[in-house]
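Printed here is work17.pdb (PDB, C-alpha atoms, pLDDT in the B column):
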```
ATOM      1  CA  GLU A   1       0.000   0.000   0.000  1.00 80.00           C
ATOM      2  CA  THR A   2       2.824   2.418   0.865  1.00 88.00           C
ATOM      3  CA  GLU A   3       4.612   1.732  -2.419  1.00 86.00           C
ATOM      4  CA  ARG A   4       1.402   2.115  -4.435  1.00 90.00           C
ATOM      5  CA  TYR A   5       0.816   5.518  -2.842  1.00 93.00           C
ATOM      6  CA  ALA A   6       4.438   6.534  -3.449  1.00 92.00           C
ATOM      7  CA  MET A   7       4.138   5.553  -7.104  1.00 91.00           C
ATOM      8  CA  SER A   8       0.898   7.487  -7.482  1.00 94.00           C
ATOM      9  CA  GLN A   9       2.587  10.664  -6.227  1.00 95.00           C
ATOM     10  CA  THR A  10       5.859  10.241  -8.140  1.00 95.00           C
ATOM     11  CA  THR A  11       6.465  11.961 -11.477  1.00 95.00           C
ATOM     12  CA  VAL A  12       5.171   9.831 -14.338  1.00 94.00           C
ATOM     13  CA  ALA A  13       7.851   7.740 -16.035  1.00 93.00           C
ATOM     14  CA  SER A  14       9.383   9.118 -19.228  1.00 96.00           C
ATOM     15  CA  ASN A  15       8.625   7.761 -22.682  1.00 97.00           C
ATOM     16  CA  ASN A  16      12.064   6.115 -22.650  1.00 97.00           C
ATOM     17  CA  VAL A  17      11.351   4.214 -19.430  1.00 96.00           C
ATOM     18  CA  ARG A  18       7.874   3.220 -20.616  1.00 95.00           C
ATOM     19  CA  THR A  19       9.401   1.957 -23.865  1.00 96.00           C
ATOM     20  CA  ALA A  20      11.814  -0.211 -21.872  1.00 96.00           C
ATOM     21  CA  ALA A  21       8.942  -1.727 -19.902  1.00 94.00           C
ATOM     22  CA  LYS A  22       6.829  -2.313 -23.020  1.00 95.00           C
ATOM     23  CA  ILE A  23       9.551  -4.037 -25.046  1.00 96.00           C
ATOM     24  CA  THR A  24      10.655  -6.154 -22.060  1.00 95.00           C
ATOM     25  CA  VAL A  25       7.118  -7.541 -21.768  1.00 94.00           C
ATOM     26  CA  GLU A  26       6.804  -8.033 -25.542  1.00 95.00           C
ATOM     27  CA  GLU A  27      10.081  -9.978 -25.579  1.00 94.00           C
ATOM     28  CA  GLU A  28       8.751 -12.171 -22.733  1.00 91.00           C
ATOM     29  CA  LEU A  29      11.614 -11.464 -20.370  1.00 91.00           C
ATOM     30  CA  PHE A  30      11.069 -11.518 -16.595  1.00 85.00           C
ATOM     31  CA  ALA A  31       9.658  -8.035 -15.998  1.00 83.00           C
ATOM     32  CA  PRO A  32      10.192  -8.010 -12.183  1.00 80.00           C
ATOM     33  CA  CYS A  33      13.948  -7.891 -12.888  1.00 81.00           C
ATOM     34  CA  MET A  34      13.504  -4.298 -14.076  1.00 83.00           C
ATOM     35  CA  VAL A  35      14.160  -1.620 -11.468  1.00 83.00           C
ATOM     36  CA  GLY A  36      10.616  -0.347 -12.005  1.00 85.00           C
ATOM     37  CA  THR A  37       9.259   3.149 -12.522  1.00 90.00           C
ATOM     38  CA  LEU A  38       9.540   4.310  -8.872  1.00 93.00           C
ATOM     39  CA  GLU A  39      13.178   3.299  -8.551  1.00 94.00           C
ATOM     40  CA  SER A  40      14.054   4.524 -12.034  1.00 95.00           C
ATOM     41  CA  GLN A  41      12.802   7.981 -11.058  1.00 96.00           C
ATOM     42  CA  PHE A  42      14.908   7.777  -7.887  1.00 96.00           C
ATOM     43  CA  LEU A  43      17.998   6.843  -9.932  1.00 97.00           C
ATOM     44  CA  LYS A  44      17.358   9.657 -12.398  1.00 98.00           C
ATOM     45  CA  MET A  45      16.961  12.245  -9.639  1.00 98.00           C
ATOM     46  CA  PHE A  46      19.968  10.951  -7.673  1.00 98.00           C
ATOM     47  CA  THR A  47      22.098  11.308 -10.819  1.00 98.00           C
ATOM     48  CA  LYS A  48      20.718  14.761 -11.572  1.00 98.00           C
ATOM     49  CA  ILE A  49      21.155  16.075  -8.010  1.00 98.00           C
ATOM     50  CA  SER A  50      24.694  14.702  -7.725  1.00 97.00           C
ATOM     51  CA  ARG A  51      25.465  16.079 -11.215  1.00 98.00           C
ATOM     52  CA  ALA A  52      27.042  12.760 -12.180  1.00 98.00           C
ATOM     53  CA  GLN A  53      28.474  12.512 -15.677  1.00 98.00           C
ATOM     54  CA  THR A  54      29.966   8.998 -15.715  1.00 98.00           C
ATOM     55  CA  VAL A  55      28.056   5.948 -14.478  1.00 98.00           C
ATOM     56  CA  LEU A  56      28.895   2.241 -14.373  1.00 98.00           C
ATOM     57  CA  ASP A  57      25.727   0.126 -14.413  1.00 98.00           C
ATOM     58  CA  VAL A  58      26.671  -3.406 -13.311  1.00 98.00           C
ATOM     59  CA  GLY A  59      23.815  -5.594 -14.533  1.00 97.00           C
ATOM     60  CA  THR A  60      21.879  -4.083 -17.446  1.00 97.00           C
ATOM     61  CA  PHE A  61      18.968  -6.505 -17.733  1.00 94.00           C
ATOM     62  CA  THR A  62      16.898  -4.686 -20.397  1.00 95.00           C
ATOM     63  CA  GLY A  63      18.241  -1.250 -19.626  1.00 97.00           C
ATOM     64  CA  MET A  64      15.761   0.655 -17.475  1.00 96.00           C
ATOM     65  CA  SER A  65      18.411   1.657 -14.940  1.00 97.00           C
ATOM     66  CA  ALA A  66      20.858   2.740 -17.656  1.00 98.00           C
ATOM     67  CA  ILE A  67      18.126   4.884 -19.206  1.00 98.00           C
ATOM     68  CA  ALA A  68      17.382   6.485 -15.835  1.00 98.00           C
ATOM     69  CA  PHE A  69      21.063   7.315 -15.315  1.00 98.00           C
ATOM     70  CA  ALA A  70      21.325   8.755 -18.822  1.00 98.00           C
ATOM     71  CA  GLU A  71      18.237  10.906 -18.279  1.00 98.00           C
ATOM     72  CA  GLY A  72      19.639  12.177 -14.982  1.00 98.00           C
ATOM     73  CA  ALA A  73      23.047  12.998 -16.459  1.00 98.00           C
ATOM     74  CA  VAL A  74      21.470  14.805 -19.417  1.00 98.00           C
ATOM     75  CA  ALA A  75      19.155  16.722 -17.061  1.00 97.00           C
ATOM     76  CA  ALA A  76      22.242  17.762 -15.059  1.00 98.00           C
ATOM     77  CA  GLY A  77      23.614  19.482 -18.143  1.00 96.00           C
ATOM     78  CA  HIS A  78      25.861  16.743 -19.511  1.00 96.00           C
ATOM     79  CA  SER A  79      24.085  16.224 -22.839  1.00 92.00           C
ATOM     80  CA  GLY A  80      26.718  15.095 -25.317  1.00 93.00           C
ATOM     81  CA  ASN A  81      29.213  14.305 -22.536  1.00 96.00           C
ATOM     82  CA  ALA A  82      27.317  11.806 -20.374  1.00 98.00           C
ATOM     83  CA  LYS A  83      28.830   8.331 -20.367  1.00 98.00           C
ATOM     84  CA  ILE A  84      26.763   5.437 -19.035  1.00 98.00           C
ATOM     85  CA  HIS A  85      28.616   2.115 -19.330  1.00 98.00           C
ATOM     86  CA  THR A  86      26.285  -0.819 -18.729  1.00 98.00           C
ATOM     87  CA  LEU A  87      27.349  -4.468 -18.440  1.00 98.00           C
ATOM     88  CA  GLU A  88      25.229  -7.516 -19.355  1.00 98.00           C
ATOM     89  CA  SER A  89      26.489 -11.101 -19.618  1.00 97.00           C
ATOM     90  CA  ASP A  90      23.397 -12.761 -21.130  1.00 96.00           C
ATOM     91  CA  LYS A  91      23.307 -12.645 -24.949  1.00 97.00           C
ATOM     92  CA  LYS A  92      19.519 -12.556 -25.395  1.00 96.00           C
ATOM     93  CA  THR A  93      18.998  -9.970 -22.653  1.00 96.00           C
ATOM     94  CA  ALA A  94      21.761  -7.767 -24.082  1.00 97.00           C
ATOM     95  CA  ALA A  95      20.119  -7.938 -27.526  1.00 97.00           C
ATOM     96  CA  VAL A  96      16.798  -6.774 -26.070  1.00 97.00           C
ATOM     97  CA  ALA A  97      18.557  -3.981 -24.161  1.00 97.00           C
ATOM     98  CA  LYS A  98      20.207  -2.829 -27.393  1.00 98.00           C
ATOM     99  CA  LYS A  99      16.802  -2.781 -29.107  1.00 98.00           C
ATOM    100  CA  ILE A 100      15.406  -0.675 -26.264  1.00 98.00           C
ATOM    101  CA  PHE A 101      18.316   1.791 -26.281  1.00 98.00           C
ATOM    102  CA  ASN A 102      17.936   2.245 -30.031  1.00 98.00           C
ATOM    103  CA  ALA A 103      14.271   3.123 -29.473  1.00 98.00           C
ATOM    104  CA  CYS A 104      15.131   5.869 -26.965  1.00 98.00           C
ATOM    105  CA  GLU A 105      15.523   9.570 -27.677  1.00 97.00           C
ATOM    106  CA  ASP A 106      18.840  10.329 -29.387  1.00 97.00           C
ATOM    107  CA  ASP A 107      20.547  12.081 -26.467  1.00 97.00           C
ATOM    108  CA  ILE A 108      19.709   9.156 -24.187  1.00 98.00           C
ATOM    109  CA  CYS A 109      20.711   6.470 -26.687  1.00 98.00           C
ATOM    110  CA  ASN A 110      23.986   8.258 -27.440  1.00 98.00           C
ATOM    111  CA  ALA A 111      24.891   8.464 -23.741  1.00 98.00           C
ATOM    112  CA  ILE A 112      24.673   4.697 -23.198  1.00 98.00           C
ATOM    113  CA  LYS A 113      27.418   2.209 -24.048  1.00 98.00           C
ATOM    114  CA  LEU A 114      26.261  -1.408 -23.752  1.00 98.00           C
ATOM    115  CA  HIS A 115      28.911  -4.074 -23.101  1.00 98.00           C
ATOM    116  CA  HIS A 116      27.933  -7.722 -23.610  1.00 98.00           C
ATOM    117  CA  THR A 117      30.534  -9.137 -21.259  1.00 98.00           C
ATOM    118  CA  ASP A 118      31.340 -10.641 -17.873  1.00 97.00           C
ATOM    119  CA  ALA A 119      31.148  -7.790 -15.369  1.00 98.00           C
ATOM    120  CA  ILE A 120      34.031  -8.879 -13.149  1.00 97.00           C
ATOM    121  CA  SER A 121      36.381  -9.307 -16.126  1.00 97.00           C
ATOM    122  CA  TRP A 122      35.390  -5.927 -17.569  1.00 97.00           C
ATOM    123  CA  MET A 123      35.838  -4.153 -14.237  1.00 97.00           C
ATOM    124  CA  LYS A 124      39.241  -5.770 -13.657  1.00 95.00           C
ATOM    125  CA  GLU A 125      40.412  -4.799 -17.121  1.00 96.00           C
ATOM    126  CA  CYS A 126      39.280  -1.227 -16.571  1.00 96.00           C
ATOM    127  CA  ALA A 127      40.976  -1.115 -13.152  1.00 96.00           C
ATOM    128  CA  GLN A 128      44.246  -2.404 -14.613  1.00 94.00           C
ATOM    129  CA  ASP A 129      44.434   0.610 -16.936  1.00 94.00           C
ATOM    130  CA  PRO A 130      46.107   3.427 -14.966  1.00 91.00           C
ATOM    131  CA  ASN A 131      44.519   5.931 -17.341  1.00 93.00           C
ATOM    132  CA  GLY A 132      41.115   4.263 -17.375  1.00 93.00           C
ATOM    133  CA  MET A 133      37.797   5.813 -16.459  1.00 96.00           C
ATOM    134  CA  THR A 134      36.482   6.466 -12.994  1.00 98.00           C
ATOM    135  CA  PHE A 135      32.769   6.690 -12.324  1.00 98.00           C
ATOM    136  CA  ASP A 136      30.688   9.208 -10.416  1.00 98.00           C
ATOM    137  CA  ILE A 137      28.104   6.488  -9.709  1.00 98.00           C
ATOM    138  CA  ILE A 138      28.543   2.721  -9.692  1.00 98.00           C
ATOM    139  CA  PHE A 139      25.255   0.811  -9.575  1.00 98.00           C
ATOM    140  CA  ILE A 140      25.478  -2.816  -8.449  1.00 98.00           C
ATOM    141  CA  ASP A 141      22.487  -4.860  -9.620  1.00 96.00           C
ATOM    142  CA  ALA A 142      23.873  -8.112 -11.019  1.00 95.00           C
ATOM    143  CA  ASP A 143      24.216 -11.615  -9.529  1.00 94.00           C
ATOM    144  CA  LYS A 144      23.928 -11.330  -5.763  1.00 93.00           C
ATOM    145  CA  ASP A 145      26.655 -13.870  -4.965  1.00 94.00           C
ATOM    146  CA  ASN A 146      29.265 -11.501  -6.434  1.00 96.00           C
ATOM    147  CA  TYR A 147      28.153  -8.232  -4.798  1.00 97.00           C
ATOM    148  CA  ILE A 148      31.198  -8.127  -2.515  1.00 97.00           C
ATOM    149  CA  GLN A 149      33.572  -8.609  -5.452  1.00 96.00           C
ATOM    150  CA  TYR A 150      31.852  -5.851  -7.440  1.00 97.00           C
ATOM    151  CA  TYR A 151      32.114  -3.577  -4.411  1.00 97.00           C
ATOM    152  CA  ASP A 152      35.772  -4.366  -3.843  1.00 96.00           C
ATOM    153  CA  LEU A 153      36.570  -3.645  -7.495  1.00 96.00           C
ATOM    154  CA  ALA A 154      34.689  -0.346  -7.233  1.00 97.00           C
ATOM    155  CA  MET A 155      36.656   0.608  -4.115  1.00 97.00           C
ATOM    156  CA  GLY A 156      39.993  -0.629  -5.390  1.00 95.00           C
ATOM    157  CA  THR A 157      40.575  -3.386  -2.856  1.00 78.00           C
ATOM    158  CA  ASP A 158      40.765  -6.371  -5.187  1.00 65.00           C
ATOM    159  CA  GLY A 159      44.410  -7.390  -5.665  1.00 74.00           C
ATOM    160  CA  GLY A 160      45.667  -3.827  -5.340  1.00 84.00           C
ATOM    161  CA  LEU A 161      43.821  -2.561  -8.413  1.00 93.00           C
ATOM    162  CA  ARG A 162      42.989   1.129  -8.639  1.00 96.00           C
ATOM    163  CA  PRO A 163      39.499   2.278  -7.585  1.00 97.00           C
ATOM    164  CA  LEU A 164      36.865   2.575 -10.280  1.00 98.00           C
ATOM    165  CA  LEU A 165      34.816   4.902  -8.069  1.00 98.00           C
ATOM    166  CA  ALA A 166      35.633   8.591  -8.492  1.00 98.00           C
ATOM    167  CA  LYS A 167      36.960  10.448  -5.447  1.00 96.00           C
ATOM    168  CA  TYR A 168      33.591  11.964  -4.560  1.00 97.00           C
ATOM    169  CA  GLY A 169      31.477   9.254  -6.198  1.00 98.00           C
ATOM    170  CA  SER A 170      28.736   7.044  -4.810  1.00 98.00           C
ATOM    171  CA  ILE A 171      27.949   3.350  -4.989  1.00 98.00           C
ATOM    172  CA  LEU A 172      24.296   2.340  -5.225  1.00 98.00           C
ATOM    173  CA  ALA A 173      23.565  -1.318  -4.465  1.00 98.00           C
ATOM    174  CA  ASP A 174      20.149  -2.682  -5.390  1.00 96.00           C
ATOM    175  CA  ASN A 175      18.043  -5.374  -3.674  1.00 94.00           C
ATOM    176  CA  THR A 176      19.970  -5.139  -0.411  1.00 94.00           C
ATOM    177  CA  LEU A 177      16.857  -5.790   1.694  1.00 92.00           C
ATOM    178  CA  SER A 178      16.263  -9.035  -0.209  1.00 87.00           C
ATOM    179  CA  ALA A 179      18.477 -10.532   2.504  1.00 74.00           C
ATOM    180  CA  LEU A 180      15.115 -10.698   4.308  1.00 79.00           C
ATOM    181  CA  VAL A 181      13.120 -11.943   1.312  1.00 69.00           C
ATOM    182  CA  TYR A 182      14.854 -15.000  -0.141  1.00 72.00           C
ATOM    183  CA  ASP A 183      14.290 -18.431   1.388  1.00 75.00           C
ATOM    184  CA  ASP A 184      16.587 -19.469   4.229  1.00 77.00           C
ATOM    185  CA  ASP A 185      18.367 -22.006   2.021  1.00 77.00           C
ATOM    186  CA  ASP A 186      18.845 -19.556  -0.892  1.00 80.00           C
ATOM    187  CA  SER A 187      22.517 -18.568  -1.276  1.00 85.00           C
ATOM    188  CA  ARG A 188      21.460 -15.055  -2.293  1.00 85.00           C
ATOM    189  CA  ARG A 189      19.999 -14.398   1.152  1.00 88.00           C
ATOM    190  CA  LYS A 190      23.319 -15.114   2.843  1.00 90.00           C
ATOM    191  CA  ALA A 191      25.307 -13.321   0.150  1.00 93.00           C
ATOM    192  CA  LEU A 192      23.310 -10.099   0.470  1.00 94.00           C
ATOM    193  CA  HIS A 193      23.548 -10.135   4.275  1.00 92.00           C
ATOM    194  CA  GLN A 194      27.302 -10.668   4.020  1.00 94.00           C
ATOM    195  CA  PHE A 195      27.500  -7.785   1.549  1.00 96.00           C
ATOM    196  CA  ASN A 196      25.559  -5.467   3.865  1.00 96.00           C
ATOM    197  CA  GLN A 197      27.882  -6.412   6.744  1.00 96.00           C
ATOM    198  CA  HIS A 198      30.963  -6.033   4.529  1.00 97.00           C
ATOM    199  CA  VAL A 199      30.020  -2.448   3.694  1.00 97.00           C
ATOM    200  CA  LYS A 200      28.910  -1.637   7.239  1.00 97.00           C
ATOM    201  CA  ASN A 201      32.269  -2.784   8.589  1.00 97.00           C
ATOM    202  CA  ASP A 202      34.325  -0.890   5.990  1.00 97.00           C
ATOM    203  CA  SER A 203      35.695   2.158   7.834  1.00 97.00           C
ATOM    204  CA  ARG A 204      36.365   3.965   4.542  1.00 96.00           C
ATOM    205  CA  VAL A 205      32.667   4.440   3.782  1.00 98.00           C
ATOM    206  CA  GLU A 206      29.277   5.191   5.233  1.00 98.00           C
ATOM    207  CA  GLN A 207      25.982   3.823   3.973  1.00 97.00           C
ATOM    208  CA  ALA A 208      22.244   4.204   4.263  1.00 97.00           C
ATOM    209  CA  VAL A 209      20.010   1.248   3.396  1.00 96.00           C
ATOM    210  CA  MET A 210      16.820   2.708   1.936  1.00 94.00           C
ATOM    211  CA  THR A 211      13.469   0.938   1.888  1.00 90.00           C
ATOM    212  CA  VAL A 212      12.779   1.627  -1.801  1.00 88.00           C
ATOM    213  CA  ARG A 213      11.274  -1.513  -3.342  1.00 86.00           C
ATOM    214  CA  GLU A 214      13.571  -4.394  -2.304  1.00 89.00           C
ATOM    215  CA  GLY A 215      16.111  -2.049  -0.768  1.00 93.00           C
ATOM    216  CA  ILE A 216      18.767   0.203  -2.233  1.00 96.00           C
ATOM    217  CA  SER A 217      21.949   1.143  -0.374  1.00 97.00           C
ATOM    218  CA  ILE A 218      23.659   4.490  -0.843  1.00 98.00           C
ATOM    219  CA  ILE A 219      27.382   4.224  -0.135  1.00 98.00           C
ATOM    220  CA  SER A 220      30.006   6.978  -0.180  1.00 98.00           C
ATOM    221  CA  ARG A 221      33.480   7.520   1.201  1.00 97.00           C
ATOM    222  CA  VAL A 222      33.702   9.239   4.585  1.00 96.00           C
TER
END
```

Could the structure of this file be written out as structure tokens, please?
Amino acid sequence: ETERYAMSQTTVASNNVRTAAKITVEEELFAPCMVGTLESQFLKMFTKISRAQTVLDVGTFTGMSAIAFAEGAVAAGHSGNAKIHTLESDKKTAAVAKKIFNACEDDICNAIKLHHTDAISWMKECAQDPNGMTFDIIFIDADKDNYIQYYDLAMGTDGGLRPLLAKYGSILADNTLSALVYDDDDSRRKALHQFNQHVKNDSRVEQAVMTVREGISIISRV
């Protein structure tokens, strides 16, 4: 009931976001894997308010989160300079995401770079390049068992690799309250709880775990 009310009072989703939802359903992919219109508006506004220009979206699915980040970066004045790198390992899902991005408005489509690849390999390769990109926002929304590894790569604690997170950047981790949702014998339940504890116990950062949908954590350096 609370979420329904929140959605009813939140700005209506853009044509780009609605297109993502429509094509995802038409392609018969699992729609609940999308971030949804309430969270997509949150991601857009977070990006706009923080004036983020570069975003790493770990776990594209069909692209709703990447679209939200692109819309936020463009709204912050970065049209033509926004760079949203989004990573998807599944071939079919990546193909649908590409179709959706191509159907978006030009400034949104042009801001998004889709990588059909393994996220950990891509992040390691990027971190090994001393002149590689850093990201104002890193959004973790891929396989839950690897959340800690994604986080460590973002923070630069995996084998001494450089941080991918910009100095004043933020990490957003999705589904962090699903530690309370999955069955007791589901590995994802334990993995998400371990991730939450891992971040909580990291003295370099502070976090807030927000009760948006299945939970989204906002993490930044102290």

>> Here's the selection I'm unsure about, the PyMOL selection byres ((chain A and resi 68) around 7); applied to the file above, which residues does it give, as a list in words?
In response: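 That selection, the PyMOL selection byres ((chain A and resi 68) around 7), comes back as Ser40, Gln41, Leu43, Lys44, Met64, Ser65, Ala66, Ile67, Phe69, Ala70, Glu71 and Gly72 of chain A.
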
>> Taking only C-alpha atoms into account, name the residue in A:Gly169, A:Phe42, A:Phe61, A:Leu29 that is nearest to Met210 of chain A.
In response: A:Phe42

Taking all atoms of segment 83-98 of chain A that appear in the file, build a box with edges along x, y and z, extend it by 4 Å on every side, and state its centre and edge lengths in Å to one decimal, as JSON.
```
{"center_x": 22.8, "center_y": -2.2, "center_z": -23.0, "size_x": 20.0, "size_y": 29.1, "size_z": 17.1}
```

> Applied to this file, what does the PyMOL selection byres ((chain A and resi 108-121) around 6) return in terms of residues, put as a list in words?
Replying inline: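 On this input, the PyMOL selection byres ((chain A and resi 108-121) around 6) captures Ala70, Ala82, Lys83, Ile84, His85, Thr86, Leu87, Glu88, Ser89, Phe101, Cys104, Glu105, Asp106, Asp107, Trp122, Met123 and Lys124 of chain A.
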
>> Please expand the PyMOL selection byres ((chain A and resi 135) around 12) into the concrete residues it hits in this file, giving the result as an MDAnalysis selection string.
In response: chainID A and resid 47 51:58 82:86 123 126:127 132:134 136:139 154:155 163:172

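Among A:Val74, A:Ala142, A:Leu177, A:Ala20, the residue with the shortest atom-to-atom distance to Ala97 of chain A, counting all atoms listed in the file, is A:Ala20.
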
Generate N, CA, C and O atoms for segment 106-128 of chain A and emit them as a PDB file, keeping the file's coordinate frame.
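Result file follows (result-v1.pdb):
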```pdb
ATOM      1  N   ASP A 106      17.447  10.360 -28.939  1.00 97.00           N
ATOM      2  CA  ASP A 106      18.840  10.329 -29.387  1.00 97.00           C
ATOM      3  C   ASP A 106      19.845  10.657 -28.284  1.00 97.00           C
ATOM      4  O   ASP A 106      20.884   9.995 -28.167  1.00 97.00           O
ATOM      5  N   ASP A 107      19.557  11.691 -27.476  1.00 97.00           N
ATOM      6  CA  ASP A 107      20.547  12.081 -26.467  1.00 97.00           C
ATOM      7  C   ASP A 107      20.697  11.020 -25.382  1.00 97.00           C
ATOM      8  O   ASP A 107      21.771  10.880 -24.788  1.00 97.00           O
ATOM      9  N   ILE A 108      19.638  10.244 -25.154  1.00 98.00           N
ATOM     10  CA  ILE A 108      19.709   9.156 -24.187  1.00 98.00           C
ATOM     11  C   ILE A 108      20.432   7.958 -24.789  1.00 98.00           C
ATOM     12  O   ILE A 108      21.357   7.387 -24.182  1.00 98.00           O
ATOM     13  N   CYS A 109      20.065   7.587 -25.991  1.00 98.00           N
ATOM     14  CA  CYS A 109      20.711   6.470 -26.687  1.00 98.00           C
ATOM     15  C   CYS A 109      22.210   6.718 -26.838  1.00 98.00           C
ATOM     16  O   CYS A 109      23.032   5.824 -26.586  1.00 98.00           O
ATOM     17  N   ASN A 110      22.582   7.940 -27.200  1.00 98.00           N
ATOM     18  CA  ASN A 110      23.986   8.258 -27.440  1.00 98.00           C
ATOM     19  C   ASN A 110      24.822   8.257 -26.161  1.00 98.00           C
ATOM     20  O   ASN A 110      26.049   8.106 -26.225  1.00 98.00           O
ATOM     21  N   ALA A 111      24.160   8.423 -25.018  1.00 98.00           N
ATOM     22  CA  ALA A 111      24.891   8.464 -23.741  1.00 98.00           C
ATOM     23  C   ALA A 111      25.228   7.071 -23.219  1.00 98.00           C
ATOM     24  O   ALA A 111      26.088   6.930 -22.348  1.00 98.00           O
ATOM     25  N   ILE A 112      24.557   6.049 -23.749  1.00 98.00           N
ATOM     26  CA  ILE A 112      24.673   4.697 -23.198  1.00 98.00           C
ATOM     27  C   ILE A 112      25.587   3.832 -24.051  1.00 98.00           C
ATOM     28  O   ILE A 112      25.427   3.745 -25.266  1.00 98.00           O
ATOM     29  N   LYS A 113      26.531   3.173 -23.393  1.00 98.00           N
ATOM     30  CA  LYS A 113      27.418   2.209 -24.048  1.00 98.00           C
ATOM     31  C   LYS A 113      27.171   0.841 -23.430  1.00 98.00           C
ATOM     32  O   LYS A 113      27.469   0.602 -22.265  1.00 98.00           O
ATOM     33  N   LEU A 114      26.585  -0.058 -24.224  1.00 98.00           N
ATOM     34  CA  LEU A 114      26.261  -1.408 -23.752  1.00 98.00           C
ATOM     35  C   LEU A 114      27.438  -2.342 -24.021  1.00 98.00           C
ATOM     36  O   LEU A 114      27.955  -2.403 -25.128  1.00 98.00           O
ATOM     37  N   HIS A 115      27.843  -3.084 -22.980  1.00 98.00           N
ATOM     38  CA  HIS A 115      28.911  -4.074 -23.101  1.00 98.00           C
ATOM     39  C   HIS A 115      28.336  -5.459 -22.813  1.00 98.00           C
ATOM     40  O   HIS A 115      27.868  -5.713 -21.696  1.00 98.00           O
ATOM     41  N   HIS A 116      28.341  -6.331 -23.830  1.00 98.00           N
ATOM     42  CA  HIS A 116      27.933  -7.722 -23.610  1.00 98.00           C
ATOM     43  C   HIS A 116      29.166  -8.472 -23.140  1.00 98.00           C
ATOM     44  O   HIS A 116      30.015  -8.882 -23.940  1.00 98.00           O
ATOM     45  N   THR A 117      29.296  -8.641 -21.825  1.00 98.00           N
ATOM     46  CA  THR A 117      30.534  -9.137 -21.259  1.00 98.00           C
ATOM     47  C   THR A 117      30.314  -9.612 -19.834  1.00 98.00           C
ATOM     48  O   THR A 117      29.265  -9.358 -19.235  1.00 98.00           O
ATOM     49  N   ASP A 118      31.315 -10.281 -19.290  1.00 97.00           N
ATOM     50  CA  ASP A 118      31.340 -10.641 -17.873  1.00 97.00           C
ATOM     51  C   ASP A 118      31.740  -9.405 -17.070  1.00 97.00           C
ATOM     52  O   ASP A 118      32.775  -8.789 -17.341  1.00 97.00           O
ATOM     53  N   ALA A 119      30.937  -9.051 -16.084  1.00 98.00           N
ATOM     54  CA  ALA A 119      31.148  -7.790 -15.369  1.00 98.00           C
ATOM     55  C   ALA A 119      32.470  -7.776 -14.607  1.00 98.00           C
ATOM     56  O   ALA A 119      33.192  -6.768 -14.624  1.00 98.00           O
ATOM     57  N   ILE A 120      32.793  -8.858 -13.932  1.00 97.00           N
ATOM     58  CA  ILE A 120      34.031  -8.879 -13.149  1.00 97.00           C
ATOM     59  C   ILE A 120      35.245  -8.724 -14.057  1.00 97.00           C
ATOM     60  O   ILE A 120      36.168  -7.948 -13.766  1.00 97.00           O
ATOM     61  N   SER A 121      35.265  -9.416 -15.186  1.00 97.00           N
ATOM     62  CA  SER A 121      36.381  -9.307 -16.126  1.00 97.00           C
ATOM     63  C   SER A 121      36.506  -7.891 -16.668  1.00 97.00           C
ATOM     64  O   SER A 121      37.619  -7.342 -16.760  1.00 97.00           O
ATOM     65  N   TRP A 122      35.367  -7.289 -17.019  1.00 97.00           N
ATOM     66  CA  TRP A 122      35.390  -5.927 -17.569  1.00 97.00           C
ATOM     67  C   TRP A 122      35.898  -4.945 -16.527  1.00 97.00           C
ATOM     68  O   TRP A 122      36.735  -4.072 -16.842  1.00 97.00           O
ATOM     69  N   MET A 123      35.425  -5.072 -15.294  1.00 97.00           N
ATOM     70  CA  MET A 123      35.838  -4.153 -14.237  1.00 97.00           C
ATOM     71  C   MET A 123      37.326  -4.309 -13.924  1.00 97.00           C
ATOM     72  O   MET A 123      38.034  -3.315 -13.725  1.00 97.00           O
ATOM     73  N   LYS A 124      37.817  -5.544 -13.912  1.00 95.00           N
ATOM     74  CA  LYS A 124      39.241  -5.770 -13.657  1.00 95.00           C
ATOM     75  C   LYS A 124      40.098  -5.159 -14.762  1.00 95.00           C
ATOM     76  O   LYS A 124      41.120  -4.518 -14.491  1.00 95.00           O
ATOM     77  N   GLU A 125      39.666  -5.349 -15.998  1.00 96.00           N
ATOM     78  CA  GLU A 125      40.412  -4.799 -17.121  1.00 96.00           C
ATOM     79  C   GLU A 125      40.460  -3.273 -17.054  1.00 96.00           C
ATOM     80  O   GLU A 125      41.497  -2.650 -17.305  1.00 96.00           O
ATOM     81  N   CYS A 126      39.340  -2.683 -16.709  1.00 96.00           N
ATOM     82  CA  CYS A 126      39.280  -1.227 -16.571  1.00 96.00           C
ATOM     83  C   CYS A 126      40.190  -0.757 -15.435  1.00 96.00           C
ATOM     84  O   CYS A 126      40.920   0.232 -15.577  1.00 96.00           O
ATOM     85  N   ALA A 127      40.174  -1.493 -14.315  1.00 96.00           N
ATOM     86  CA  ALA A 127      40.976  -1.115 -13.152  1.00 96.00           C
ATOM     87  C   ALA A 127      42.472  -1.289 -13.392  1.00 96.00           C
ATOM     88  O   ALA A 127      43.293  -0.626 -12.750  1.00 96.00           O
ATOM     89  N   GLN A 128      42.834  -2.176 -14.304  1.00 94.00           N
ATOM     90  CA  GLN A 128      44.246  -2.404 -14.613  1.00 94.00           C
ATOM     91  C   GLN A 128      44.836  -1.300 -15.480  1.00 94.00           C
ATOM     92  O   GLN A 128      46.062  -1.179 -15.585  1.00 94.00           O
TER      93      GLN A 128
END
```
